[in-house]
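data23.pdb (PDB, N, CA and C atoms, pLDDT in the B column) appears below.
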MODEL        1
ATOM      1  N   MET A1437      96.833 105.716  83.727  1.00 89.00           N
ATOM      2  CA  MET A1437      95.830 105.894  84.749  1.00 89.00           C
ATOM      3  C   MET A1437      94.472 106.037  84.060  1.00 89.00           C
ATOM      4  N   ASN A1438      93.463 105.423  84.603  1.00 93.00           N
ATOM      5  CA  ASN A1438      92.114 105.459  84.045  1.00 93.00           C
ATOM      6  C   ASN A1438      91.147 106.126  85.004  1.00 93.00           C
ATOM      7  N   PHE A1439      90.168 106.810  84.425  1.00 94.00           N
ATOM      8  CA  PHE A1439      89.116 107.454  85.208  1.00 94.00           C
ATOM      9  C   PHE A1439      87.781 107.087  84.581  1.00 94.00           C
ATOM     10  N   THR A1440      86.778 106.888  85.414  1.00 94.00           N
ATOM     11  CA  THR A1440      85.421 106.661  84.940  1.00 94.00           C
ATOM     12  C   THR A1440      84.614 107.913  85.248  1.00 94.00           C
ATOM     13  N   ILE A1441      83.974 108.443  84.226  1.00 95.00           N
ATOM     14  CA  ILE A1441      83.215 109.681  84.366  1.00 95.00           C
ATOM     15  C   ILE A1441      81.795 109.420  83.874  1.00 95.00           C
ATOM     16  N   ALA A1442      80.821 109.704  84.711  1.00 95.00           N
ATOM     17  CA  ALA A1442      79.414 109.499  84.350  1.00 95.00           C
ATOM     18  C   ALA A1442      78.867 110.759  83.683  1.00 95.00           C
ATOM     19  N   VAL A1443      78.067 110.561  82.654  1.00 96.00           N
ATOM     20  CA  VAL A1443      77.375 111.664  81.999  1.00 96.00           C
ATOM     21  C   VAL A1443      75.970 111.716  82.583  1.00 96.00           C
ATOM     22  N   ARG A1444      75.617 112.867  83.138  1.00 97.00           N
ATOM     23  CA  ARG A1444      74.313 113.038  83.782  1.00 97.00           C
ATOM     24  C   ARG A1444      73.249 113.372  82.735  1.00 97.00           C
ATOM     25  N   PRO A1445      71.972 113.351  83.134  1.00 96.00           N
ATOM     26  CA  PRO A1445      70.868 113.557  82.186  1.00 96.00           C
ATOM     27  C   PRO A1445      70.978 114.831  81.339  1.00 96.00           C
ATOM     28  N   ARG A1446      71.560 115.874  81.861  1.00 97.00           N
ATOM     29  CA  ARG A1446      71.681 117.114  81.091  1.00 97.00           C
ATOM     30  C   ARG A1446      72.994 117.160  80.313  1.00 97.00           C
ATOM     31  N   ARG A1447      73.591 115.989  80.048  1.00 96.00           N
ATOM     32  CA  ARG A1447      74.841 115.826  79.307  1.00 96.00           C
ATOM     33  C   ARG A1447      76.011 116.524  79.983  1.00 96.00           C
ATOM     34  N   GLN A1448      75.983 116.559  81.293  1.00 95.00           N
ATOM     35  CA  GLN A1448      77.077 117.155  82.058  1.00 95.00           C
ATOM     36  C   GLN A1448      77.901 116.049  82.688  1.00 95.00           C
ATOM     37  N   ALA A1449      79.184 116.329  82.858  1.00 94.00           N
ATOM     38  CA  ALA A1449      80.093 115.377  83.497  1.00 94.00           C
ATOM     39  C   ALA A1449      81.027 116.145  84.408  1.00 94.00           C
ATOM     40  N   THR A1450      81.359 115.561  85.540  1.00 93.00           N
ATOM     41  CA  THR A1450      82.301 116.167  86.474  1.00 93.00           C
ATOM     42  C   THR A1450      83.626 115.433  86.361  1.00 93.00           C
ATOM     43  N   LEU A1451      84.686 116.190  86.106  1.00 93.00           N
ATOM     44  CA  LEU A1451      86.009 115.593  86.001  1.00 93.00           C
ATOM     45  C   LEU A1451      86.624 115.507  87.401  1.00 93.00           C
ATOM     46  N   PRO A1452      87.168 114.361  87.762  1.00 94.00           N
ATOM     47  CA  PRO A1452      87.745 114.194  89.095  1.00 94.00           C
ATOM     48  C   PRO A1452      88.903 115.165  89.347  1.00 94.00           C
ATOM     49  N   ASP A1453      89.038 115.600  90.591  1.00 94.00           N
ATOM     50  CA  ASP A1453      90.115 116.510  90.973  1.00 94.00           C
ATOM     51  C   ASP A1453      91.483 115.973  90.563  1.00 94.00           C
ATOM     52  N   GLU A1454      91.700 114.688  90.766  1.00 95.00           N
ATOM     53  CA  GLU A1454      93.010 114.106  90.439  1.00 95.00           C
ATOM     54  C   GLU A1454      93.305 114.214  88.944  1.00 95.00           C
ATOM     55  N   LEU A1455      92.301 114.010  88.114  1.00 94.00           N
ATOM     56  CA  LEU A1455      92.480 114.133  86.671  1.00 94.00           C
ATOM     57  C   LEU A1455      92.865 115.565  86.310  1.00 94.00           C
ATOM     58  N   LEU A1456      92.147 116.532  86.861  1.00 93.00           N
ATOM     59  CA  LEU A1456      92.449 117.942  86.585  1.00 93.00           C
ATOM     60  C   LEU A1456      93.845 118.305  87.059  1.00 93.00           C
ATOM     61  N   ARG A1457      94.237 117.797  88.201  1.00 94.00           N
ATOM     62  CA  ARG A1457      95.584 118.070  88.730  1.00 94.00           C
ATOM     63  C   ARG A1457      96.643 117.492  87.797  1.00 94.00           C
ATOM     64  N   LEU A1458      96.441 116.262  87.349  1.00 94.00           N
ATOM     65  CA  LEU A1458      97.409 115.618  86.458  1.00 94.00           C
ATOM     66  C   LEU A1458      97.511 116.340  85.113  1.00 94.00           C
ATOM     67  N   MET A1459      96.405 116.949  84.686  1.00 91.00           N
ATOM     68  CA  MET A1459      96.393 117.691  83.419  1.00 91.00           C
ATOM     69  C   MET A1459      96.804 119.148  83.599  1.00 91.00           C
ATOM     70  N   ASN A1460      97.049 119.549  84.845  1.00 89.00           N
ATOM     71  CA  ASN A1460      97.389 120.938  85.171  1.00 89.00           C
ATOM     72  C   ASN A1460      96.279 121.889  84.705  1.00 89.00           C
ATOM     73  N   VAL A1461      95.042 121.518  85.034  1.00 90.00           N
ATOM     74  CA  VAL A1461      93.863 122.295  84.655  1.00 90.00           C
ATOM     75  C   VAL A1461      93.226 122.860  85.914  1.00 90.00           C
ATOM     76  N   SER A1462      92.815 124.113  85.827  1.00 86.00           N
ATOM     77  CA  SER A1462      92.158 124.784  86.949  1.00 86.00           C
ATOM     78  C   SER A1462      90.726 125.139  86.556  1.00 86.00           C
ATOM     79  N   VAL A1463      89.921 125.449  87.550  1.00 85.00           N
ATOM     80  CA  VAL A1463      88.552 125.896  87.305  1.00 85.00           C
ATOM     81  C   VAL A1463      88.612 127.117  86.397  1.00 85.00           C
ATOM     82  N   GLY A1464      87.807 127.119  85.358  1.00 85.00           N
ATOM     83  CA  GLY A1464      87.774 128.233  84.410  1.00 85.00           C
ATOM     84  C   GLY A1464      88.605 127.985  83.159  1.00 85.00           C
ATOM     85  N   ASP A1465      89.542 127.024  83.194  1.00 88.00           N
ATOM     86  CA  ASP A1465      90.332 126.691  82.008  1.00 88.00           C
ATOM     87  C   ASP A1465      89.439 126.026  80.969  1.00 88.00           C
ATOM     88  N   GLN A1466      89.821 126.135  79.715  1.00 88.00           N
ATOM     89  CA  GLN A1466      89.078 125.494  78.648  1.00 88.00           C
ATOM     90  C   GLN A1466      89.814 124.238  78.200  1.00 88.00           C
ATOM     91  N   LEU A1467      89.036 123.240  77.784  1.00 92.00           N
ATOM     92  CA  LEU A1467      89.587 121.989  77.287  1.00 92.00           C
ATOM     93  C   LEU A1467      89.204 121.823  75.822  1.00 92.00           C
ATOM     94  N   GLU A1468      90.096 121.227  75.048  1.00 90.00           N
ATOM     95  CA  GLU A1468      89.789 120.888  73.661  1.00 90.00           C
ATOM     96  C   GLU A1468      89.605 119.380  73.593  1.00 90.00           C
ATOM     97  N   VAL A1469      88.507 118.943  72.997  1.00 94.00           N
ATOM     98  CA  VAL A1469      88.234 117.515  72.859  1.00 94.00           C
ATOM     99  C   VAL A1469      88.299 117.169  71.380  1.00 94.00           C
ATOM    100  N   THR A1470      89.142 116.210  71.057  1.00 94.00           N
ATOM    101  CA  THR A1470      89.301 115.733  69.686  1.00 94.00           C
ATOM    102  C   THR A1470      88.916 114.266  69.661  1.00 94.00           C
ATOM    103  N   ILE A1471      88.208 113.851  68.629  1.00 97.00           N
ATOM    104  CA  ILE A1471      87.838 112.451  68.491  1.00 97.00           C
ATOM    105  C   ILE A1471      88.833 111.786  67.540  1.00 97.00           C
ATOM    106  N   GLU A1472      89.506 110.758  68.022  1.00 94.00           N
ATOM    107  CA  GLU A1472      90.470 109.993  67.232  1.00 94.00           C
ATOM    108  C   GLU A1472      90.132 108.513  67.374  1.00 94.00           C
ATOM    109  N   ASN A1473      89.778 107.880  66.261  1.00 96.00           N
ATOM    110  CA  ASN A1473      89.421 106.454  66.272  1.00 96.00           C
ATOM    111  C   ASN A1473      88.346 106.147  67.309  1.00 96.00           C
ATOM    112  N   LYS A1474      87.305 106.972  67.323  1.00 95.00           N
ATOM    113  CA  LYS A1474      86.164 106.824  68.230  1.00 95.00           C
ATOM    114  C   LYS A1474      86.534 106.965  69.703  1.00 95.00           C
ATOM    115  N   GLN A1475      87.674 107.595  69.984  1.00 95.00           N
ATOM    116  CA  GLN A1475      88.090 107.853  71.366  1.00 95.00           C
ATOM    117  C   GLN A1475      88.303 109.359  71.536  1.00 95.00           C
ATOM    118  N   ALA A1476      87.894 109.865  72.687  1.00 93.00           N
ATOM    119  CA  ALA A1476      88.056 111.289  72.972  1.00 93.00           C
ATOM    120  C   ALA A1476      89.455 111.550  73.517  1.00 93.00           C
ATOM    121  N   VAL A1477      90.114 112.550  72.945  1.00 93.00           N
ATOM    122  CA  VAL A1477      91.411 113.001  73.442  1.00 93.00           C
ATOM    123  C   VAL A1477      91.182 114.404  73.992  1.00 93.00           C
ATOM    124  N   ILE A1478      91.443 114.589  75.271  1.00 92.00           N
ATOM    125  CA  ILE A1478      91.173 115.861  75.942  1.00 92.00           C
ATOM    126  C   ILE A1478      92.498 116.544  76.258  1.00 92.00           C
ATOM    127  N   LYS A1479      92.629 117.808  75.798  1.00 88.00           N
ATOM    128  CA  LYS A1479      93.840 118.583  76.062  1.00 88.00           C
ATOM    129  C   LYS A1479      93.435 119.952  76.594  1.00 88.00           C
ATOM    130  N   PRO A1480      94.202 120.474  77.550  1.00 87.00           N
ATOM    131  CA  PRO A1480      93.954 121.853  77.970  1.00 87.00           C
ATOM    132  C   PRO A1480      94.235 122.793  76.799  1.00 87.00           C
ATOM    133  N   LYS A1481      93.403 123.814  76.598  1.00 82.00           N
ATOM    134  CA  LYS A1481      93.593 124.750  75.494  1.00 82.00           C
ATOM    135  C   LYS A1481      94.951 125.427  75.584  1.00 82.00           C
ATOM    136  N   LYS A1482      95.446 125.661  76.809  1.00 75.00           N
ATOM    137  CA  LYS A1482      96.760 126.301  76.921  1.00 75.00           C
ATOM    138  C   LYS A1482      97.843 125.390  76.349  1.00 75.00           C
ATOM    139  N   GLN A1483      97.680 124.078  76.450  1.00 71.00           N
ATOM    140  CA  GLN A1483      98.628 123.136  75.855  1.00 71.00           C
ATOM    141  C   GLN A1483      98.530 123.179  74.341  1.00 71.00           C
ATOM    142  N   VAL A1484      97.317 123.271  73.827  1.00 70.00           N
ATOM    143  CA  VAL A1484      97.103 123.348  72.386  1.00 70.00           C
ATOM    144  C   VAL A1484      97.764 124.614  71.837  1.00 70.00           C
ATOM    145  N   ALA A1485      97.596 125.736  72.538  1.00 72.00           N
ATOM    146  CA  ALA A1485      98.205 126.997  72.107  1.00 72.00           C
ATOM    147  C   ALA A1485      99.726 126.897  72.139  1.00 72.00           C
ATOM    148  N   LEU A1486     100.270 126.264  73.173  1.00 75.00           N
ATOM    149  CA  LEU A1486     101.716 126.098  73.285  1.00 75.00           C
ATOM    150  C   LEU A1486     102.245 125.236  72.140  1.00 75.00           C
ATOM    151  N   GLU A1487     101.543 124.163  71.810  1.00 80.00           N
ATOM    152  CA  GLU A1487     101.965 123.297  70.707  1.00 80.00           C
ATOM    153  C   GLU A1487     101.940 124.053  69.382  1.00 80.00           C
ATOM    154  N   ALA A1488     100.943 124.910  69.182  1.00 82.00           N
ATOM    155  CA  ALA A1488     100.860 125.714  67.957  1.00 82.00           C
ATOM    156  C   ALA A1488     102.023 126.697  67.900  1.00 82.00           C
ATOM    157  N   LEU A1489     102.333 127.333  69.013  1.00 82.00           N
ATOM    158  CA  LEU A1489     103.452 128.270  69.060  1.00 82.00           C
ATOM    159  C   LEU A1489     104.766 127.558  68.753  1.00 82.00           C
ATOM    160  N   GLN A1490     104.956 126.374  69.307  1.00 85.00           N
ATOM    161  CA  GLN A1490     106.176 125.608  69.050  1.00 85.00           C
ATOM    162  C   GLN A1490     106.284 125.236  67.577  1.00 85.00           C
ATOM    163  N   ALA A1491     105.173 124.899  66.945  1.00 85.00           N
ATOM    164  CA  ALA A1491     105.179 124.566  65.514  1.00 85.00           C
ATOM    165  C   ALA A1491     105.549 125.789  64.677  1.00 85.00           C
ATOM    166  N   ILE A1492     105.030 126.948  65.056  1.00 84.00           N
ATOM    167  CA  ILE A1492     105.359 128.192  64.349  1.00 84.00           C
ATOM    168  C   ILE A1492     106.844 128.512  64.513  1.00 84.00           C
ATOM    169  N   GLN A1493     107.357 128.371  65.743  1.00 84.00           N
ATOM    170  CA  GLN A1493     108.768 128.644  65.992  1.00 84.00           C
ATOM    171  C   GLN A1493     109.662 127.705  65.179  1.00 84.00           C
ATOM    172  N   LYS A1494     109.287 126.447  65.093  1.00 87.00           N
ATOM    173  CA  LYS A1494     110.056 125.468  64.322  1.00 87.00           C
ATOM    174  C   LYS A1494     110.051 125.840  62.836  1.00 87.00           C
ATOM    175  N   ALA A1495     108.880 126.181  62.309  1.00 86.00           N
ATOM    176  CA  ALA A1495     108.769 126.567  60.904  1.00 86.00           C
ATOM    177  C   ALA A1495     109.601 127.811  60.623  1.00 86.00           C
ATOM    178  N   PHE A1496     109.592 128.747  61.545  1.00 83.00           N
ATOM    179  CA  PHE A1496     110.371 129.980  61.392  1.00 83.00           C
ATOM    180  C   PHE A1496     111.860 129.653  61.360  1.00 83.00           C
ATOM    181  N   ARG A1497     112.324 128.798  62.289  1.00 84.00           N
ATOM    182  CA  ARG A1497     113.744 128.416  62.322  1.00 84.00           C
ATOM    183  C   ARG A1497     114.159 127.733  61.021  1.00 84.00           C
ATOM    184  N   GLU A1498     113.289 126.875  60.516  1.00 87.00           N
ATOM    185  CA  GLU A1498     113.608 126.105  59.315  1.00 87.00           C
ATOM    186  C   GLU A1498     113.488 126.918  58.027  1.00 87.00           C
ATOM    187  N   SER A1499     112.832 128.071  58.083  1.00 88.00           N
ATOM    188  CA  SER A1499     112.604 128.873  56.880  1.00 88.00           C
ATOM    189  C   SER A1499     113.857 129.596  56.415  1.00 88.00           C
ATOM    190  N   GLY A1500     114.783 129.868  57.339  1.00 84.00           N
ATOM    191  CA  GLY A1500     115.985 130.616  56.984  1.00 84.00           C
ATOM    192  C   GLY A1500     115.764 132.113  56.938  1.00 84.00           C
ATOM    193  N   VAL A1501     114.565 132.567  57.211  1.00 82.00           N
ATOM    194  CA  VAL A1501     114.262 133.999  57.231  1.00 82.00           C
ATOM    195  C   VAL A1501     114.636 134.541  58.604  1.00 82.00           C
ATOM    196  N   SER A1502     115.377 135.644  58.614  1.00 80.00           N
ATOM    197  CA  SER A1502     115.767 136.223  59.904  1.00 80.00           C
ATOM    198  C   SER A1502     114.612 137.040  60.472  1.00 80.00           C
ATOM    199  N   GLN A1503     114.686 137.286  61.757  1.00 77.00           N
ATOM    200  CA  GLN A1503     113.657 138.096  62.411  1.00 77.00           C
ATOM    201  C   GLN A1503     113.672 139.506  61.834  1.00 77.00           C
ATOM    202  N   LYS A1504     114.856 140.002  61.525  1.00 82.00           N
ATOM    203  CA  LYS A1504     114.976 141.346  60.943  1.00 82.00           C
ATOM    204  C   LYS A1504     114.276 141.409  59.587  1.00 82.00           C
ATOM    205  N   GLN A1505     114.487 140.379  58.750  1.00 80.00           N
ATOM    206  CA  GLN A1505     113.823 140.317  57.449  1.00 80.00           C
ATOM    207  C   GLN A1505     112.303 140.265  57.604  1.00 80.00           C
ATOM    208  N   LEU A1506     111.863 139.524  58.551  1.00 75.00           N
ATOM    209  CA  LEU A1506     110.432 139.351  58.787  1.00 75.00           C
ATOM    210  C   LEU A1506     109.784 140.665  59.195  1.00 75.00           C
ATOM    211  N   GLN A1507     110.504 141.479  59.951  1.00 80.00           N
ATOM    212  CA  GLN A1507     109.945 142.727  60.475  1.00 80.00           C
ATOM    213  C   GLN A1507     110.130 143.916  59.538  1.00 80.00           C
ATOM    214  N   SER A1508     110.925 143.747  58.486  1.00 78.00           N
ATOM    215  CA  SER A1508     111.172 144.892  57.578  1.00 78.00           C
ATOM    216  C   SER A1508     109.966 145.104  56.671  1.00 78.00           C
ATOM    217  N   ASP A1509     109.861 146.321  56.197  1.00 60.00           N
ATOM    218  CA  ASP A1509     108.744 146.690  55.302  1.00 60.00           C
ATOM    219  C   ASP A1509     108.978 146.192  53.930  1.00 60.00           C
TER
ENDMDL
END
For the file at hand, write its structure as structure tokens.
Amino acid sequence: MNFTIAVRPRRQATLPDELLRLMNVSVGDQLEVTIENKQAVIKPKKQVALEALQAIQKAFRESGVSQKQLQSD
């Protein structure tokens, strides 16, 4: 699905309601914009945080360290 978004004189842009709905973004949510090959990739910050948590969980599982070991002094 494609959307056309105009940038106004004060460098502001309004994201269409349908785009926000598809991204599961609400008013007040933050977005992360990454530039990849001269294209903007927009992700909700909550998605970015979830992906980071999943990466940490995967690394923890693969480390072989138990939760008990991790929490011991």
| request: Enter the distance from atom CA of Gly1464 of chain A to atom CA of Lys1481 of chain A, in Å, rounded to one decimal. | output: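 According to the coordinates, atom CA of Gly1464 of chain A and atom CA of Lys1481 of chain A are separated by 11.2 Å.
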| Atom pair atom N of Leu1458 of chain A / atom C of Lys1482 of chain A: separation (Å) |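 These atoms are spaced 14.4 Å apart.
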From chain A, collect each residue whose DSSP state is strand (DSSP E) and return the set as a PyMOL selection string. chain A and resi 1467-1472+1475-1480
Separating atom CA of Leu1467 of chain A from atom N of Thr1450 of chain A, to the nearest tenth of an Å, is a gap of 13.3 Å
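Nearest to Gln1466 of chain A of all the residues A:Ile1492, A:Val1501, A:Ala1449, A:Ala1485 is A:Ala1485, based on only C-alpha atoms.
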Exercise on segment 1464-1473 of chain A, axis-aligned box with 3 Å per side, report centre and edge lengths in Å to one decimal, as lines of an AutoDock Vina configuration file:
center_x = 89.1
center_y = 117.2
center_z = 75.8
size_x = 8.7
size_y = 28.1
size_z = 25.1
Name every residue that the PyMOL selection byres ((chain A and resi 1468) around 8) selects in this structure, writing the answer as a list in words with chains first and numbers rising.
Asp1465, Gln1466, Leu1467, Val1469, Thr1470, Ile1471, Ala1476, Val1477, Ile1478, Lys1479, Pro1480, Lys1481, Lys1482 and Val1484 of chain A
